[in-house]
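Working notes, beginning with the structure itself.
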Amino acid sequence: MSKQDDGNMVIEEELDDEPKSIILSMIGQLRKDMDLSRVTFPTFVLEPRSFTERVTDFMSHPDFLIRASQCDDPVKRFIGVVKYYMSGWHIHPKGVKKPYNPVLGEFFRSRYEFDDSSSAFFVAEQVSHHPPVTAIFYHSPEHHIAIEGDLRPKSRFYGNSVGMLLEGYAKIHFNKRDNEEYVITYPNMYARGILFGKMVLELGETSTVTCEKSDLMFEVEFKTKGLIWGSYNQIAGKIKRISTKEVLFDITGNWQTIMYIQGRGEYASDPIVLFDSSKENVVPQIVACVGEQEHNESRNLWKNVTKAIVECDLDAATLHKTAIEEKQRDDTKHREAKKKRFIPRFFQLEIDGYYHPKLRLDSISDDPALAKDEITKWIFTKPDDSIQDFAVPEDDAVVLAAAKHQRRAS
């Protein structure tokens, strides 16, 4: 849940005796700085969606990116990209939760429809399990915007906290700006208080947005609260010239609620609001019903676990989750016995050491209608060569039961 702390929203959760006992038992098997990628977490700490879907939180305000791409001034364009990036952090589950660890070959796909009748398309795929790697692709043909990324989360045990170190990158392409690129790195995420006190979610360390073509860089520190002093969710960032290190703007505030921007030097100004989460609407993504999804598509794959979690049936959630994990282990043994390697469906490992979409960005047509057709066929074609039909209503009993329970709970 969230609460107010000196006017700031704090994401926290207090565990009952049974869950805390399970965590203490699990922690007894761990050591400090241990990699948790192979540790199975109890179901009560899980958010009812996969990491392949969780990454779409950064697509919650794509309108910011569209407006940024339309700015002719490179500095204003860069500020727009920074606003888009920082706007993704306020989306979070209730309590201190982690998404499902995707299984190898699992994927999530969706589309977006905007007010100007334009659209965008998204796909994420788990391309490696050990180490875990999730590759992403987003494209808006009418606005000539593309995003590709290779995200490599690593979990670490630090005693009274667990950290998720989000390595890898995302790259935003403005194709109508001579393929202007913005490279993004991410901060770390921490669940504090897992042994004593209340569990609290914090972001920490530094992340960056860099555009070499515009000679601009945004470096932001996500500040963690001290034991005695400080507040939760505070940030301190600077937009500066890469070549001269000259600071043009300061960005401060709270990544959960309101952030401010203030210019320096030739851009000198009083602080103004950069982003206010209470005044912005999230753009919903459109996902096909599970009857139109393949077996390893995230919502279909995890639907029984999701239903059990939202109904607080942790025994059933554990049973279904274990079945998915056991099948993954069996599939791995089967491939190894036949000396076959896993080949991702949508992405491929390239010479730079990162995964990139098999549909190459430079091969996509500049014509929005043609590009839309190319991307739709690439992402949404099913094994029988039909295209996923978003018009089919949801009729899966498991999904409908989970949705009904969630509506009652809210």
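Residues in the structure tokens are named by chain (A, B, ... in the order shown) and by number from 1 within that chain; ligands are numbered from 1 in the order shown.
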All residues 9 Å or closer to Gln406 of chain A, only C-alpha atoms, same chain fewer than 5 positions away omitted, as a PyMOL selection string
chain A and resi 310-311+401
Please identify all polymer residues within 12 Å of segment 342-347 of chain A, counting only C-alpha atoms, omitting same-chain residues fewer than 3 positions from it, and present them as a ChimeraX atom specification.
/A:104-109,122-129,133-137,148-150,296,328,331-336,338-339,350,354-360,375,377-383
Selected residues written out with N, CA and C atoms, as a compact mmCIF listing (two decimals), in the first residue's frame:
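Ended up saving to part-v7.txt:
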# COMPACT_ATOMS: atom_id res chain seq x y z
N LEU A 104 11.73 -18.72 -20.24
CA LEU A 104 12.40 -18.57 -21.52
C LEU A 104 11.40 -18.72 -22.67
N GLY A 105 11.40 -17.76 -23.57
CA GLY A 105 10.50 -17.78 -24.72
C GLY A 105 9.15 -17.16 -24.46
N GLU A 106 8.88 -16.79 -23.22
CA GLU A 106 7.62 -16.09 -22.91
C GLU A 106 7.63 -14.72 -23.58
N PHE A 107 6.46 -14.26 -24.03
CA PHE A 107 6.40 -12.92 -24.62
C PHE A 107 5.08 -12.24 -24.28
N PHE A 108 5.11 -10.92 -24.37
CA PHE A 108 3.92 -10.09 -24.14
C PHE A 108 3.82 -9.11 -25.30
N ARG A 109 2.61 -8.96 -25.87
CA ARG A 109 2.44 -8.04 -26.99
C ARG A 109 1.14 -7.25 -26.80
N PHE A 122 3.76 -2.94 -29.44
CA PHE A 122 4.79 -3.31 -28.46
C PHE A 122 4.91 -4.82 -28.38
N VAL A 123 6.15 -5.28 -28.19
CA VAL A 123 6.39 -6.69 -27.88
C VAL A 123 7.62 -6.78 -26.98
N ALA A 124 7.52 -7.67 -25.98
CA ALA A 124 8.65 -7.98 -25.11
C ALA A 124 8.80 -9.49 -25.08
N GLU A 125 10.03 -9.97 -25.08
CA GLU A 125 10.27 -11.42 -25.08
C GLU A 125 11.40 -11.75 -24.12
N GLN A 126 11.23 -12.85 -23.39
CA GLN A 126 12.30 -13.34 -22.52
C GLN A 126 13.26 -14.15 -23.38
N VAL A 127 14.41 -13.56 -23.68
CA VAL A 127 15.33 -14.17 -24.64
C VAL A 127 16.43 -15.00 -23.96
N SER A 128 16.55 -14.84 -22.63
CA SER A 128 17.51 -15.63 -21.86
C SER A 128 16.96 -15.78 -20.46
N HIS A 129 17.20 -16.95 -19.86
CA HIS A 129 16.70 -17.17 -18.49
C HIS A 129 17.81 -17.09 -17.46
N VAL A 133 17.24 -12.06 -19.34
CA VAL A 133 17.30 -10.93 -20.27
C VAL A 133 15.93 -10.79 -20.93
N THR A 134 15.36 -9.58 -20.86
CA THR A 134 14.10 -9.29 -21.52
C THR A 134 14.36 -8.25 -22.60
N ALA A 135 14.03 -8.58 -23.84
CA ALA A 135 14.21 -7.65 -24.96
C ALA A 135 12.86 -7.01 -25.28
N ILE A 136 12.88 -5.71 -25.66
CA ILE A 136 11.63 -4.99 -25.92
C ILE A 136 11.70 -4.24 -27.25
N PHE A 137 10.51 -4.02 -27.83
CA PHE A 137 10.38 -3.27 -29.07
C PHE A 137 9.06 -2.51 -29.04
N GLU A 148 13.82 0.39 -28.68
CA GLU A 148 14.32 -0.97 -28.52
C GLU A 148 15.11 -1.04 -27.23
N GLY A 149 15.14 -2.20 -26.61
CA GLY A 149 15.86 -2.31 -25.35
C GLY A 149 16.23 -3.74 -25.01
N ASP A 150 17.18 -3.84 -24.11
CA ASP A 150 17.71 -5.12 -23.64
C ASP A 150 17.88 -4.94 -22.13
N ASN A 296 2.50 -19.52 -24.53
CA ASN A 296 3.58 -18.87 -23.80
C ASN A 296 3.48 -17.35 -23.84
N GLN A 328 9.48 -25.43 -17.49
CA GLN A 328 10.63 -24.74 -18.06
C GLN A 328 11.89 -25.58 -17.86
N ASP A 331 11.77 -28.48 -20.32
CA ASP A 331 12.06 -28.02 -21.68
C ASP A 331 13.56 -27.81 -21.88
N THR A 332 14.22 -27.27 -20.84
CA THR A 332 15.66 -27.03 -20.92
C THR A 332 16.41 -28.36 -21.04
N LYS A 333 16.02 -29.35 -20.22
CA LYS A 333 16.67 -30.66 -20.27
C LYS A 333 16.46 -31.31 -21.64
N HIS A 334 15.25 -31.14 -22.18
CA HIS A 334 14.95 -31.72 -23.49
C HIS A 334 15.84 -31.11 -24.58
N ARG A 335 16.00 -29.77 -24.55
CA ARG A 335 16.87 -29.11 -25.55
C ARG A 335 18.31 -29.57 -25.40
N GLU A 336 18.76 -29.65 -24.14
CA GLU A 336 20.15 -30.04 -23.90
C GLU A 336 20.40 -31.48 -24.36
N LYS A 338 18.98 -32.97 -26.79
CA LYS A 338 19.03 -32.97 -28.25
C LYS A 338 20.08 -32.01 -28.80
N LYS A 339 20.84 -31.40 -27.88
CA LYS A 339 21.91 -30.46 -28.23
C LYS A 339 21.37 -29.32 -29.11
N GLU A 350 23.22 -9.77 -31.25
CA GLU A 350 24.08 -9.22 -32.30
C GLU A 350 25.49 -8.98 -31.78
N TYR A 354 24.15 -7.34 -27.39
CA TYR A 354 22.77 -7.08 -26.97
C TYR A 354 21.78 -7.68 -27.98
N TYR A 355 20.56 -7.87 -27.49
CA TYR A 355 19.49 -8.38 -28.35
C TYR A 355 18.78 -7.23 -29.05
N HIS A 356 18.54 -7.40 -30.35
CA HIS A 356 17.86 -6.40 -31.16
C HIS A 356 16.71 -7.07 -31.92
N PRO A 357 15.68 -6.30 -32.29
CA PRO A 357 14.55 -6.90 -33.01
C PRO A 357 14.99 -7.49 -34.36
N LYS A 358 14.40 -8.65 -34.68
CA LYS A 358 14.70 -9.27 -35.98
C LYS A 358 14.15 -8.42 -37.13
N LEU A 359 13.06 -7.69 -36.85
CA LEU A 359 12.57 -6.71 -37.82
C LEU A 359 13.43 -5.47 -37.66
N ARG A 360 14.39 -5.31 -38.52
CA ARG A 360 15.37 -4.23 -38.37
C ARG A 360 14.70 -2.87 -38.58
N ILE A 375 4.67 -4.18 -39.26
CA ILE A 375 4.84 -4.42 -37.83
C ILE A 375 3.72 -5.30 -37.29
N LYS A 377 2.01 -7.61 -38.87
CA LYS A 377 2.25 -9.00 -39.28
C LYS A 377 3.39 -9.62 -38.48
N TRP A 378 4.43 -8.83 -38.22
CA TRP A 378 5.60 -9.36 -37.50
C TRP A 378 5.26 -9.69 -36.05
N ILE A 379 4.53 -8.81 -35.39
CA ILE A 379 4.25 -9.02 -33.96
C ILE A 379 3.06 -9.94 -33.73
N PHE A 380 1.98 -9.77 -34.49
CA PHE A 380 0.71 -10.40 -34.12
C PHE A 380 0.32 -11.62 -34.95
N THR A 381 1.18 -12.08 -35.86
CA THR A 381 0.88 -13.30 -36.60
C THR A 381 0.97 -14.51 -35.68
N LYS A 382 -0.03 -15.38 -35.75
CA LYS A 382 -0.07 -16.59 -34.92
C LYS A 382 0.48 -17.78 -35.71
N PRO A 383 0.72 -18.91 -35.05
CA PRO A 383 1.30 -20.07 -35.74
C PRO A 383 0.50 -20.55 -36.95
Residues of segment 29-229 of chain A in alpha helix (DSSP H) according to DSSP, as a list in words?
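Across segment 29-229 of chain A, those assigned alpha helix (DSSP H) are Phe51, Thr52, Glu53, Arg54, Pro62, Asp63, Phe64, Leu65, Ile66, Arg67, Ala68, Ser69, Pro74, Val75, Lys76, Arg77, Phe78, Ile79, Gly80, Val81, Val82, Lys83, Tyr84, Tyr85 and Met86 of chain A.
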Given the selection you just returned, output its residues as a file containing C-alpha atoms, formatted as a PDB file, in the first residue's frame.
ATOM      1  CA  PHE A  51       8.083  -8.661 -15.939  1.00  0.00           C
ATOM      2  CA  THR A  52       7.465  -8.766 -19.696  1.00  0.00           C
ATOM      3  CA  GLU A  53       4.284  -6.773 -19.023  1.00  0.00           C
ATOM      4  CA  ARG A  54       5.722  -4.729 -16.149  1.00  0.00           C
ATOM      5  CA  PRO A  62       3.586   7.913 -24.828  1.00  0.00           C
ATOM      6  CA  ASP A  63       1.924  11.249 -25.635  1.00  0.00           C
ATOM      7  CA  PHE A  64       4.916  12.973 -23.981  1.00  0.00           C
ATOM      8  CA  LEU A  65       7.231  11.237 -26.431  1.00  0.00           C
ATOM      9  CA  ILE A  66       5.035  12.144 -29.386  1.00  0.00           C
ATOM     10  CA  ARG A  67       5.042  15.824 -28.397  1.00  0.00           C
ATOM     11  CA  ALA A  68       8.796  15.734 -27.822  1.00  0.00           C
ATOM     12  CA  SER A  69       9.426  14.346 -31.302  1.00  0.00           C
ATOM     13  CA  PRO A  74      16.761  20.128 -29.689  1.00  0.00           C
ATOM     14  CA  VAL A  75      16.847  21.295 -26.052  1.00  0.00           C
ATOM     15  CA  LYS A  76      13.041  21.320 -25.745  1.00  0.00           C
ATOM     16  CA  ARG A  77      12.969  17.973 -27.512  1.00  0.00           C
ATOM     17  CA  PHE A  78      15.433  16.555 -24.991  1.00  0.00           C
ATOM     18  CA  ILE A  79      13.404  17.899 -22.048  1.00  0.00           C
ATOM     19  CA  GLY A  80      10.349  16.176 -23.514  1.00  0.00           C
ATOM     20  CA  VAL A  81      12.184  12.850 -23.610  1.00  0.00           C
ATOM     21  CA  VAL A  82      13.316  13.327 -20.000  1.00  0.00           C
ATOM     22  CA  LYS A  83       9.716  14.062 -18.981  1.00  0.00           C
ATOM     23  CA  TYR A  84       8.586  10.870 -20.722  1.00  0.00           C
ATOM     24  CA  TYR A  85      11.268   8.788 -18.992  1.00  0.00           C
ATOM     25  CA  MET A  86      10.623  10.168 -15.517  1.00  0.00           C
TER      26      MET A  86
END
DSSP on the backbone: what in segment 194-316 of chain A comes out strand (DSSP E or B), as number ranges by chain?
A: 199-211, 216-223, 234-241, 247-254, 258-263, 272-276, 286, 297
Counting only C-alpha atoms, figure out which residue out of A:Leu314, A:Gln285, A:Lys321, A:His173 gets nearest to Asp57 of chain A.
A:Gln285
d(atom CA of Arg177 of chain A, atom CA of Trp255 of chain A) in Å
29.0 Å
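Counting only C-alpha atoms and comparing A:Ser50, A:Thr306, A:Ser269, A:Ser298, the residue that lies closest to Ala402 of chain A is A:Thr306.
Of the listed residues A:Leu361, A:Ile286, A:Ile184, A:Leu203, the one whose atoms come nearest to Met164 of chain A is A:Leu203, with distances taken using only C-alpha atoms.
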Of the candidates A:Glu142, A:Lys238, A:Glu113, A:Ile172, which one gets nearest to Phe58 of chain A if we count only C-alpha atoms?
A:Ile172
Close residues, Glu246 of chain A itself excluded, 12 Å, only C-alpha atoms, min 5 positions apart in chain, as a PyMOL selection string
chain A and resi 215-218+238-241+263-267
Skip Gly204 of chain A itself and residues of its chain fewer than 2 positions away, then list as a VMD selection string all residues within 6 Å of it, counting only C-alpha atoms.
chain A and resid 187 to 188 222 to 224
Trp302 of chain A: which residues within 12 Å, counting only C-alpha atoms, same-chain residues fewer than 6 positions away excluded, as an NGL selection string?
:A and (46-53 or 99-103 or 106-108 or 290 or 293-296 or 308-309 or 317-325 or 398-399 or 402)
